[in-house]
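So this one's entry-v3.txt, compact mmCIF, C-alpha atoms and all ligand atoms:
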```txt
# COMPACT_ATOMS: atom_id res chain seq x y z
CA MET A 55 -8.04 -130.08 -10.48
CA GLN A 56 -8.17 -126.40 -11.48
CA GLU A 57 -9.26 -125.55 -8.00
CA GLN A 58 -6.40 -127.49 -6.39
CA LEU A 59 -3.86 -125.91 -8.76
CA SER A 60 -5.04 -122.42 -7.90
CA GLN A 61 -4.69 -123.35 -4.21
CA VAL A 62 -1.12 -124.41 -4.89
CA ASN A 63 -0.27 -121.19 -6.68
CA GLN A 64 -1.89 -119.12 -3.99
CA MET A 65 0.12 -120.95 -1.38
CA ILE A 66 3.36 -120.39 -3.30
CA ALA A 67 2.64 -116.67 -3.35
CA GLU A 68 1.90 -116.73 0.38
CA ILE A 69 5.09 -118.62 1.12
CA GLN A 70 7.17 -116.25 -0.95
CA ASP A 71 5.72 -113.26 0.87
CA PHE A 72 6.11 -114.79 4.31
CA GLN A 73 8.36 -112.80 6.62
CA ALA A 74 9.77 -114.19 9.89
CA ASP A 75 12.12 -112.24 12.12
CA THR A 76 11.78 -114.36 15.24
CA LYS A 77 12.06 -118.03 16.06
CA ASP A 78 8.37 -118.08 16.99
CA LYS A 79 7.33 -116.85 13.57
CA LEU A 80 9.61 -119.42 11.99
CA GLU A 81 7.94 -122.15 14.00
CA LEU A 82 4.60 -120.83 12.86
CA PHE A 83 5.75 -121.05 9.25
CA LYS A 84 6.86 -124.63 9.82
CA SER A 85 3.60 -125.77 11.37
CA ASN A 86 1.45 -123.87 8.86
CA TYR A 87 3.12 -125.25 5.77
CA ILE A 88 5.63 -128.05 6.11
CA GLY A 89 4.67 -129.67 9.38
CA LYS A 90 2.72 -132.95 9.47
CA LYS A 91 -0.49 -131.07 10.05
CA GLY A 92 0.41 -128.24 7.72
CA ALA A 93 -1.35 -127.02 4.57
CA ILE A 94 1.01 -128.80 2.18
CA THR A 95 0.41 -132.19 3.76
CA ALA A 96 -3.30 -131.47 3.50
CA LEU A 97 -2.93 -130.81 -0.21
CA PHE A 98 -1.03 -134.06 -0.68
CA ASP A 99 -4.04 -135.77 0.87
CA GLN A 100 -6.16 -134.37 -1.90
CA ILE A 101 -4.26 -136.28 -4.61
CA LYS A 102 -6.72 -139.11 -4.41
CA GLU A 103 -9.60 -136.75 -5.18
CA VAL A 104 -8.02 -135.60 -8.43
CA ALA A 105 -8.84 -137.41 -11.68
CA PRO A 106 -6.30 -140.22 -12.23
CA GLU A 107 -4.96 -138.78 -15.48
CA SER A 108 -4.17 -135.42 -13.77
CA ARG A 109 -2.66 -136.93 -10.64
CA LYS A 110 0.86 -137.00 -11.99
CA ALA A 111 0.84 -133.32 -12.99
CA PHE A 112 -0.74 -132.35 -9.67
CA GLY A 113 1.82 -134.39 -7.78
CA MET A 114 4.62 -132.61 -9.59
CA GLU A 115 3.09 -129.26 -8.71
CA LEU A 116 2.83 -130.30 -5.07
CA ASN A 117 6.47 -131.36 -5.04
CA ARG A 118 7.43 -127.98 -6.45
CA LEU A 119 5.41 -126.29 -3.72
CA LYS A 120 7.06 -128.44 -1.06
CA GLU A 121 10.54 -127.60 -2.32
CA ILE A 122 9.74 -123.89 -2.37
CA ALA A 123 8.46 -124.08 1.20
CA GLN A 124 11.50 -126.02 2.40
CA GLU A 125 13.85 -123.60 0.67
CA LYS A 126 12.02 -120.66 2.21
CA PHE A 127 12.25 -122.31 5.64
CA LYS A 128 15.99 -122.75 5.21
CA ILE A 129 16.54 -119.14 4.20
CA LEU A 130 14.41 -117.81 7.06
CA SER A 131 16.25 -119.97 9.62
CA GLU A 132 19.62 -118.76 8.39
CA ILE A 133 18.56 -115.13 8.62
CA ILE A 134 17.24 -115.56 12.17
CA GLU A 135 20.34 -117.51 13.22
CA ALA A 136 22.66 -114.79 11.91
CA LYS A 137 20.61 -112.13 13.63
CA ASN A 138 20.76 -113.93 16.99
CA GLU A 139 24.48 -114.42 16.77
CA ALA A 140 25.08 -110.77 16.07
CA GLY A 141 22.80 -109.86 18.96
CA SER A 142 24.40 -112.24 21.45
CA SER A 143 28.03 -111.25 20.84
CA LYS A 144 28.37 -108.61 23.53
CA PRO A 145 30.52 -105.52 22.89
CA THR A 146 34.04 -105.69 24.36
CA ASP A 147 34.09 -104.65 28.00
CA LEU A 148 36.81 -102.00 28.13
CA THR A 149 36.93 -102.02 31.92
CA LEU A 150 38.15 -105.63 32.10
CA PRO A 151 41.80 -105.99 33.16
CA PHE A 152 43.92 -106.98 30.17
CA ILE A 153 46.03 -110.13 30.04
CA PRO A 154 49.58 -108.84 29.85
CA ASN A 155 52.22 -110.35 27.59
CA ALA A 156 54.83 -112.30 29.52
CA LEU A 157 57.79 -109.92 29.61
CA GLY A 158 61.22 -110.55 31.05
CA SER A 159 62.49 -108.40 33.91
CA ILE A 160 65.76 -106.66 34.56
CA HIS A 161 68.09 -108.78 36.67
CA PRO A 162 68.29 -107.45 40.26
CA LEU A 163 72.07 -107.08 40.01
CA VAL A 164 71.69 -104.96 36.88
CA GLN A 165 69.09 -102.83 38.64
CA THR A 166 71.36 -102.27 41.64
CA ARG A 167 74.31 -101.51 39.41
CA ALA A 168 72.26 -98.93 37.51
CA ARG A 169 71.15 -97.31 40.78
CA ILE A 170 74.73 -97.15 42.11
CA VAL A 171 75.92 -95.58 38.86
CA GLU A 172 73.06 -93.08 38.96
CA ILE A 173 73.95 -91.97 42.49
CA PHE A 174 77.65 -91.50 41.78
CA GLU A 175 77.15 -89.99 38.35
CA ARG A 176 75.27 -87.10 39.90
CA ILE A 177 78.35 -86.23 41.96
CA GLY A 178 80.68 -86.34 38.98
CA PHE A 179 81.92 -89.94 38.75
CA THR A 180 82.60 -91.34 35.27
CA GLN A 181 82.97 -95.07 34.48
CA SER A 182 86.15 -96.94 33.56
CA GLU A 183 86.64 -100.46 32.28
CA ALA A 184 89.44 -102.93 31.69
CA THR A 185 89.86 -106.64 31.07
CA GLU A 186 88.89 -109.41 33.48
CA ILE A 187 92.11 -111.30 32.71
CA GLU A 188 94.92 -109.41 34.43
CA ASP A 189 98.56 -109.74 35.24
CA ASP A 190 100.00 -109.88 38.71
CA TYR A 191 101.37 -106.35 38.41
CA HIS A 192 98.00 -104.60 37.94
CA ASN A 193 96.07 -106.82 40.31
CA PHE A 194 98.64 -106.91 43.16
CA THR A 195 102.12 -105.38 42.80
CA ALA A 196 101.12 -101.89 41.71
CA LEU A 197 98.53 -101.90 44.49
CA ASN A 198 101.27 -102.24 47.06
CA PHE A 199 100.63 -105.89 47.94
CA PRO A 200 103.76 -107.27 49.62
CA PRO A 201 105.31 -110.14 47.63
CA ASN A 202 104.08 -112.79 50.06
CA HIS A 203 100.63 -111.34 50.76
CA PRO A 204 98.11 -114.18 51.28
CA ALA A 205 95.69 -112.73 48.68
CA ARG A 206 98.18 -113.71 45.97
CA GLU A 207 98.06 -117.31 47.00
CA MET A 208 96.29 -120.14 45.26
CA GLN A 209 93.35 -120.30 47.64
CA ASP A 210 92.19 -116.81 46.63
CA THR A 211 93.26 -116.30 43.06
CA PHE A 212 92.47 -118.18 39.87
CA PHE A 213 95.76 -118.30 38.02
CA ILE A 214 95.70 -118.76 34.27
CA GLU A 215 99.47 -118.89 33.78
CA LYS A 216 102.09 -119.08 36.49
CA LYS A 217 105.36 -117.28 35.98
CA GLN A 218 108.35 -119.60 35.46
CA ALA A 219 110.91 -119.34 38.27
CA GLY A 220 113.80 -117.04 37.35
CA ASN A 221 112.05 -115.45 34.34
CA ASP A 222 111.66 -111.83 35.37
CA GLU A 223 110.09 -110.74 32.13
CA GLN A 224 107.13 -112.97 32.77
CA SER A 225 104.22 -112.19 35.05
CA ASP A 226 101.50 -114.36 36.54
CA ILE A 227 98.32 -114.17 34.47
CA LEU A 228 95.14 -114.41 36.51
CA LEU A 229 91.46 -113.56 36.74
CA ARG A 230 91.21 -110.23 38.52
CA THR A 231 90.25 -110.61 42.18
CA HIS A 232 88.98 -107.02 42.41
CA THR A 233 88.40 -104.10 40.06
CA SER A 234 91.20 -102.15 41.77
CA SER A 235 93.30 -103.28 38.82
CA VAL A 236 91.22 -100.89 36.71
CA GLN A 237 92.23 -98.05 39.06
CA ILE A 238 95.88 -98.74 38.23
CA ARG A 239 95.23 -98.82 34.48
CA LEU A 240 93.24 -95.58 34.73
CA MET A 241 95.90 -93.72 36.78
CA GLN A 242 98.61 -94.91 34.38
CA LYS A 243 96.92 -93.26 31.45
CA GLN A 244 95.07 -90.31 32.98
CA LYS A 245 96.44 -87.52 35.14
CA PRO A 246 94.41 -86.09 38.04
CA PRO A 247 91.76 -84.94 38.59
CA ILE A 248 90.31 -88.44 38.37
CA ARG A 249 86.84 -89.29 39.57
CA SER A 250 85.65 -92.61 38.27
CA LEU A 251 83.82 -95.87 38.99
CA MET A 252 85.24 -99.27 38.13
CA ILE A 253 82.48 -101.79 37.67
CA GLY A 254 82.70 -105.41 36.70
CA ARG A 255 83.03 -109.10 37.37
CA VAL A 256 85.69 -110.36 39.75
CA TYR A 257 86.80 -113.89 40.61
CA ARG A 258 87.95 -115.56 43.79
CA ASN A 259 88.77 -119.16 44.38
CA GLU A 260 86.20 -119.78 47.09
CA ALA A 261 83.76 -122.59 47.79
CA ILE A 262 80.27 -121.58 46.64
CA SER A 263 77.84 -121.10 49.52
CA ALA A 264 74.94 -118.84 50.51
CA ARG A 265 77.44 -116.12 51.44
CA ALA A 266 80.35 -116.62 49.05
CA HIS A 267 80.78 -117.24 45.34
CA CYS A 268 83.76 -117.69 43.03
CA LEU A 269 82.32 -114.97 40.78
CA PHE A 270 80.75 -111.71 41.85
CA HIS A 271 80.47 -108.07 40.84
CA GLN A 272 82.17 -105.03 42.27
CA VAL A 273 81.82 -101.31 42.04
CA GLU A 274 84.95 -99.49 43.04
CA GLY A 275 85.41 -95.76 43.06
CA LEU A 276 88.49 -93.60 42.84
CA TYR A 277 88.88 -89.88 43.42
CA VAL A 278 92.32 -88.33 43.02
CA ASP A 279 92.96 -84.61 43.04
CA GLU A 280 94.75 -81.95 45.02
CA LYS A 281 93.60 -81.70 48.63
CA VAL A 282 91.31 -84.71 48.68
CA GLY A 283 90.88 -85.69 52.32
CA PHE A 284 89.26 -88.36 54.46
CA ALA A 285 86.31 -86.01 55.02
CA ASP A 286 85.56 -86.22 51.27
CA LEU A 287 85.56 -90.01 51.47
CA LYS A 288 83.22 -89.97 54.45
CA GLN A 289 80.84 -87.49 52.91
CA THR A 290 80.73 -89.30 49.57
CA LEU A 291 79.88 -92.68 51.06
CA TYR A 292 77.50 -91.14 53.55
CA HIS A 293 75.65 -89.59 50.63
CA PHE A 294 75.66 -92.93 48.80
CA ALA A 295 74.30 -94.91 51.77
CA LYS A 296 71.41 -92.47 52.29
CA GLU A 297 70.52 -92.44 48.59
CA MET A 298 70.75 -96.20 48.25
CA PHE A 299 69.17 -97.41 51.48
CA GLY A 300 67.06 -94.48 52.64
CA LYS A 301 67.59 -91.30 54.60
CA ASP A 302 67.29 -92.96 58.02
CA THR A 303 70.29 -95.17 57.32
CA LYS A 304 73.22 -94.63 59.66
CA VAL A 305 76.81 -95.13 58.54
CA ARG A 306 79.86 -96.04 60.57
CA TYR A 307 83.53 -96.30 59.66
CA ARG A 308 85.66 -99.01 61.24
CA PRO A 309 89.45 -98.95 61.01
CA SER A 310 90.69 -101.66 58.69
CA TYR A 311 93.62 -102.67 56.53
CA PHE A 312 94.17 -102.82 52.77
CA PRO A 313 97.66 -102.75 51.25
CA PHE A 314 96.61 -100.03 48.77
CA THR A 315 94.99 -97.57 51.19
CA GLU A 316 96.22 -95.81 54.30
CA PRO A 317 94.35 -95.15 56.49
CA SER A 318 91.70 -97.73 55.60
CA ALA A 319 88.15 -98.12 56.81
CA GLU A 320 85.40 -100.66 56.52
CA ILE A 321 81.99 -99.06 55.99
CA ASP A 322 78.94 -100.39 57.81
CA VAL A 323 75.30 -99.31 57.50
CA THR A 324 72.41 -100.01 59.85
CA CYS A 325 70.95 -103.44 59.12
CA LEU A 326 67.95 -102.91 56.85
CA ILE A 327 66.32 -106.13 57.90
CA CYS A 328 66.06 -105.51 61.66
CA LYS A 329 66.56 -101.71 61.44
CA GLY A 330 69.48 -101.97 63.83
CA LYS A 331 67.73 -104.05 66.51
CA GLY A 332 69.79 -107.17 65.80
CA CYS A 333 69.00 -110.24 63.67
CA ASN A 334 70.81 -113.23 62.20
CA VAL A 335 71.74 -111.34 59.02
CA CYS A 336 73.71 -108.71 60.96
CA LYS A 337 74.78 -111.34 63.50
CA TYR A 338 72.87 -109.39 66.18
CA SER A 339 75.16 -106.36 65.85
CA GLY A 340 72.63 -104.11 64.09
CA TRP A 341 75.26 -103.25 61.45
CA VAL A 342 76.20 -104.75 58.09
CA GLU A 343 79.38 -104.13 56.15
CA ILE A 344 78.90 -102.74 52.65
CA ALA A 345 82.29 -101.52 51.49
CA GLY A 346 86.01 -101.23 52.04
CA SER A 347 87.64 -97.84 51.62
CA GLY A 348 90.58 -95.64 52.42
CA MET A 349 92.99 -92.96 51.29
CA VAL A 350 95.01 -94.15 48.30
CA HIS A 351 98.43 -95.24 49.52
CA PRO A 352 101.20 -92.87 48.31
CA ASN A 353 103.07 -95.91 46.91
CA VAL A 354 100.13 -96.67 44.64
CA LEU A 355 100.05 -93.12 43.30
CA GLU A 356 103.82 -93.19 42.71
CA ASN A 357 103.57 -96.60 41.00
CA CYS A 358 101.27 -94.93 38.49
CA GLY A 359 103.46 -91.87 38.01
CA ILE A 360 101.33 -89.51 40.09
CA ASP A 361 103.10 -87.11 42.42
CA SER A 362 101.97 -88.18 45.90
CA GLU A 363 103.20 -84.89 47.40
CA LYS A 364 100.82 -82.94 45.21
CA TYR A 365 97.91 -85.29 44.88
CA THR A 366 95.89 -87.35 47.32
CA GLY A 367 92.89 -89.54 46.73
CA PHE A 368 90.37 -91.90 48.20
CA ALA A 369 89.09 -95.23 46.96
CA PHE A 370 86.28 -97.56 47.94
CA GLY A 371 84.99 -100.89 46.76
CA MET A 372 81.75 -102.75 47.30
CA GLY A 373 80.06 -105.93 46.09
CA ILE A 374 76.93 -105.41 44.01
CA GLU A 375 75.58 -108.73 45.30
CA ARG A 376 76.01 -107.61 48.90
CA VAL A 377 74.19 -104.31 48.29
CA THR A 378 71.38 -106.09 46.43
CA MET A 379 70.98 -108.70 49.17
CA LEU A 380 70.63 -105.96 51.73
CA LYS A 381 68.24 -103.90 49.69
CA TYR A 382 65.91 -106.78 48.81
CA GLN A 383 66.59 -108.96 51.86
CA ILE A 384 67.90 -111.88 49.84
CA LYS A 385 69.58 -114.47 52.01
CA ASP A 386 71.31 -116.67 49.43
CA LEU A 387 73.91 -115.36 46.98
CA ARG A 388 73.46 -118.36 44.68
CA LEU A 389 69.99 -117.19 43.64
CA PHE A 390 71.58 -114.50 41.46
CA THR A 391 73.19 -116.99 39.13
CA GLU A 392 70.65 -119.82 39.10
CA ASN A 393 68.31 -118.11 36.62
CA ASP A 394 65.21 -119.36 38.38
CA VAL A 395 62.37 -117.32 36.86
CA ARG A 396 60.35 -117.55 40.08
CA PHE A 397 63.12 -115.53 41.71
CA LEU A 398 63.78 -113.19 38.80
CA ARG A 399 60.11 -112.31 38.23
CA GLN A 400 59.95 -110.67 41.64
CA PHE A 401 62.08 -107.74 40.50
N1 LIG A 501 89.62 -103.95 46.52
C1 LIG A 501 89.03 -104.17 47.81
C2 LIG A 501 88.37 -105.54 47.81
O1 LIG A 501 88.22 -106.12 46.79
C3 LIG A 501 87.99 -103.13 48.13
C4 LIG A 501 88.58 -101.78 48.31
C5 LIG A 501 88.68 -100.92 47.26
C6 LIG A 501 89.04 -101.38 49.55
C7 LIG A 501 89.21 -99.66 47.43
C8 LIG A 501 89.56 -100.14 49.74
C9 LIG A 501 89.65 -99.29 48.69
O2 LIG A 501 88.00 -106.04 48.85
```

In structure tokens, what does this structure look like?
Ligand code: PHE
Amino acid sequence: MQEQLSQVNQMIAEIQDFQADTKDKLELFKSNYIGKKGAITALFDQIKEVAPESRKAFGMELNRLKEIAQEKFKILSEIIEAKNEAGSSKPTDLTLPFIPNALGSIHPLVQTRARIVEIFERIGFTQSEATEIEDDYHNFTALNFPPNHPAREMQDTFFIEKKQAGNDEQSDILLRTHTSSVQIRLMQKQKPPIRSLMIGRVYRNEAISARAHCLFHQVEGLYVDEKVGFADLKQTLYHFAKEMFGKDTKVRYRPSYFPFTEPSAEIDVTCLICKGKGCNVCKYSGWVEIAGSGMVHPNVLENCGIDSEKYTGFAFGMGIERVTMLKYQIKDLRLFTENDVRFLRQF
């Protein structure tokens, strides 16, 4: 019995000293001690050789040995496991492309508007604003529209309140059809020199299609000072077209008519889609219209209390949608207001 007990104690010491830093060594520990053919099992087999009265005490010693071995095995496996995990987690690869956060983008109309403002700001244009709900006077009368001009009629204008017949103090209240109304408000309160942009939403009672909408955005410009001539208008818009659409862009002025300008001109630029060769966007002419313009009609200046003998001015107006469609080759106006992220993410 003494001999067996000293074997047990020796084995406990061995087990406690055992070091294993690899899975192979751990396996060796297992087969040496706790496996079916291991040393501990062999000792259990010796129980029958011990004197019956000592068997119980020996058995208890063997159980203690077995527990120590199993505990040691557990600790060793945990250490090796932890070591392998640390070893297998590779360091972060800094060259991998990162997964970007999903960010919104700036609406194409806002981008175009910002670009237009940037171009005109550099040549001294400020910005002016006024309300979208206007009266007939600022939207039409002061701009020299004859009383029966078709633009005043129901098919073009959204009226909010119609004037009662015979009540001269009343005026039609409407949604502005152009930002020229802001020109009137500006000239009423500011004396020349005036050099400003009028930007904003305008409304027209039109059926919504790929080319027309009841709501769109305009940038108008007004320059009033002594000795402002048509050459200034041409040069200003020529500069704008080159900055906006590229230096190879050609510009042409076509005679036109607006009640508030005289003479008036429509401004065309070379079609950006076919580069002037002719396509369905430019209706095979090679040119697309981007703006209306002209010399401010003397009646308009006088309506605002500006001496038309002393001062002259030019004005122009363009649709931000139209400019954006040309720049990005967008064929349907409705895309701007549908908020489809597949469209918006491209800008
Ligand atoms: N107000 C005109 C329109 O809405 C554009 C324009 C502005 C034309 C200034 C000439 C001068 O169509």

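Taking only C-alpha atoms and all ligand atoms into account, ligand LIG 501 (chain A) has within 6 Å the residues A:His232, A:Ser234, A:Glu274, A:Gly346, A:Ser347, A:Gly348, A:Ala369, A:Phe370, A:Gly371.
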
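The closest residue to Arg376 in chain A, picked from A:Phe270, A:Trp341, A:Phe72, A:Tyr191 and counting all atoms listed in the file, is A:Phe270.
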
Shell of 12 Å around Glu183 in chain A, only C-alpha atoms, local chain residues under 6 positions omitted, as a count of residues only | 18

Considering all atoms listed in the file, return as number ranges by chain whatever protein or nucleic-acid residues lie within 12 Å of Ser85 in chain A, sequence-local ones (same chain, fewer than 3 positions apart) excluded.
-> A: 78-82, 88-96, 123-124, 127

Dump C-alpha atoms for the selected residues as an mmCIF file, keeping the file's coordinate frame?
```
data_model
loop_
_atom_site.group_PDB
_atom_site.id
_atom_site.type_symbol
_atom_site.label_atom_id
_atom_site.label_comp_id
_atom_site.auth_asym_id
_atom_site.auth_seq_id
_atom_site.Cartn_x
_atom_site.Cartn_y
_atom_site.Cartn_z
ATOM 1 C CA ASP A 78 8.370 -118.080 16.990
ATOM 2 C CA LYS A 79 7.330 -116.850 13.570
ATOM 3 C CA LEU A 80 9.610 -119.420 11.990
ATOM 4 C CA GLU A 81 7.940 -122.150 14.000
ATOM 5 C CA LEU A 82 4.600 -120.830 12.860
ATOM 6 C CA ILE A 88 5.630 -128.050 6.110
ATOM 7 C CA GLY A 89 4.670 -129.670 9.380
ATOM 8 C CA LYS A 90 2.720 -132.950 9.470
ATOM 9 C CA LYS A 91 -0.490 -131.070 10.050
ATOM 10 C CA GLY A 92 0.410 -128.240 7.720
ATOM 11 C CA ALA A 93 -1.350 -127.020 4.570
ATOM 12 C CA ILE A 94 1.010 -128.800 2.180
ATOM 13 C CA THR A 95 0.410 -132.190 3.760
ATOM 14 C CA ALA A 96 -3.300 -131.470 3.500
ATOM 15 C CA ALA A 123 8.460 -124.080 1.200
ATOM 16 C CA GLN A 124 11.500 -126.020 2.400
ATOM 17 C CA PHE A 127 12.250 -122.310 5.640
#
```

Contact residues around Gly367 in chain A with only C-alpha atoms at 6 Å, ignoring same-chain residues under 2 positions, as a ChimeraX atom specification | /A:277-278,282,349-350

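Nearest residue to Thr315 in chain A among A:Asn86, A:Asn198, A:Thr231, A:Ser362 is A:Asn198, counting all atoms listed in the file.
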
One decimal, Å: what's the distance from CA of Leu59 in chain A over to CA of Lys126 in chain A, could you say?
-> 20.0 Å

Quick one, how far is CA of Gln244 in chain A from CA of Tyr311 in chain A?
-> 26.6 Å

Option closest in space to Lys296 in chain A, from A:Val256, A:Ile101, A:Leu197, A:Ile170 [counting only C-alpha atoms] = A:Ile170

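Going from CA of Glu188 in chain A to CA of Arg258 in chain A covers 13.2 Å.
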
Option closest in space to Asp302 in chain A, from A:Ile129, A:Cys325, A:Ile134, A:Ile153 [counting all atoms listed in the file] | A:Cys325

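Using all atoms listed in the file for every distance, the candidate list A:Asp71, A:Ile262, A:Phe213, A:Lys301 yields A:Ile262 as the residue closest to Arg388 in chain A.
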
Given only C-alpha atoms as the counted atoms, nearest of A:Lys110, A:Arg308, A:His161, A:Arg206 to Asp226 in chain A = A:Arg206

Box for range 120-129 of chain A: with edges along x, y and z, all listed atoms inside and 3 Å added on each side, what are the centre and edge lengths in Å to one decimal, as JSON?
```
{"center_x": 11.8, "center_y": -123.8, "center_z": 1.6, "size_x": 15.5, "size_y": 15.3, "size_z": 14.0}
```

Take range 131-139 of chain A, model all heavy atoms, and hand the result over as a CSV table (one decimal), in the coordinates of the input.
```csv
chain,number,residue,atom,x,y,z
A,131,SER,N,15.5,-119.6,8.4
A,131,SER,CA,16.2,-120.0,9.6
A,131,SER,C,17.6,-119.4,9.6
A,131,SER,O,18.2,-119.0,10.7
A,131,SER,CB,16.4,-121.5,9.8
A,131,SER,OG,15.6,-122.2,8.9
A,132,GLU,N,18.3,-119.3,8.4
A,132,GLU,CA,19.6,-118.8,8.4
A,132,GLU,C,19.6,-117.3,8.8
A,132,GLU,O,20.5,-116.8,9.5
A,132,GLU,CB,20.2,-118.9,7.0
A,132,GLU,CG,20.8,-120.3,6.8
A,132,GLU,CD,21.1,-120.6,5.3
A,132,GLU,OE1,21.1,-119.7,4.5
A,132,GLU,OE2,21.4,-121.7,5.0
A,133,ILE,N,18.6,-116.6,8.3
A,133,ILE,CA,18.6,-115.1,8.6
A,133,ILE,C,18.4,-114.9,10.1
A,133,ILE,O,19.1,-114.1,10.8
A,133,ILE,CB,17.4,-114.4,7.9
A,133,ILE,CG1,17.7,-114.4,6.4
A,133,ILE,CG2,17.2,-113.0,8.4
A,133,ILE,CD1,16.6,-113.9,5.5
A,134,ILE,N,17.5,-115.7,10.7
A,134,ILE,CA,17.2,-115.6,12.2
A,134,ILE,C,18.5,-116.0,13.0
A,134,ILE,O,18.9,-115.3,13.9
A,134,ILE,CB,16.0,-116.3,12.6
A,134,ILE,CG1,14.8,-115.6,12.0
A,134,ILE,CG2,15.9,-116.4,14.1
A,134,ILE,CD1,13.5,-116.4,12.1
A,135,GLU,N,19.1,-117.0,12.6
A,135,GLU,CA,20.3,-117.5,13.2
A,135,GLU,C,21.4,-116.4,13.2
A,135,GLU,O,22.0,-116.1,14.3
A,135,GLU,CB,20.9,-118.7,12.4
A,135,GLU,CG,22.0,-119.4,13.1
A,135,GLU,CD,21.5,-120.6,13.9
A,135,GLU,OE1,20.3,-120.6,14.2
A,135,GLU,OE2,22.3,-121.4,14.3
A,136,ALA,N,21.6,-115.8,12.0
A,136,ALA,CA,22.7,-114.8,11.9
A,136,ALA,C,22.3,-113.6,12.8
A,136,ALA,O,23.2,-113.0,13.5
A,136,ALA,CB,22.8,-114.4,10.5
A,137,LYS,N,21.0,-113.3,12.8
A,137,LYS,CA,20.6,-112.1,13.6
A,137,LYS,C,20.8,-112.4,15.1
A,137,LYS,O,21.4,-111.5,15.8
A,137,LYS,CB,19.1,-111.9,13.4
A,137,LYS,CG,18.7,-110.4,13.4
A,137,LYS,CD,17.3,-110.3,12.9
A,137,LYS,CE,16.6,-109.5,14.0
A,137,LYS,NZ,15.2,-109.5,13.8
A,138,ASN,N,20.6,-113.6,15.6
A,138,ASN,CA,20.8,-113.9,17.0
A,138,ASN,C,22.2,-113.9,17.4
A,138,ASN,O,22.6,-113.4,18.4
A,138,ASN,CB,20.2,-115.3,17.3
A,138,ASN,CG,18.7,-115.3,17.4
A,138,ASN,OD1,18.1,-114.2,17.4
A,138,ASN,ND2,18.0,-116.4,17.4
A,139,GLU,N,23.0,-114.4,16.5
A,139,GLU,CA,24.5,-114.4,16.8
A,139,GLU,C,25.0,-113.0,16.9
A,139,GLU,O,25.7,-112.7,17.9
A,139,GLU,CB,25.2,-115.1,15.6
A,139,GLU,CG,25.6,-116.6,16.0
A,139,GLU,CD,26.2,-117.3,14.8
A,139,GLU,OE1,26.9,-116.7,14.1
A,139,GLU,OE2,25.9,-118.5,14.7
```
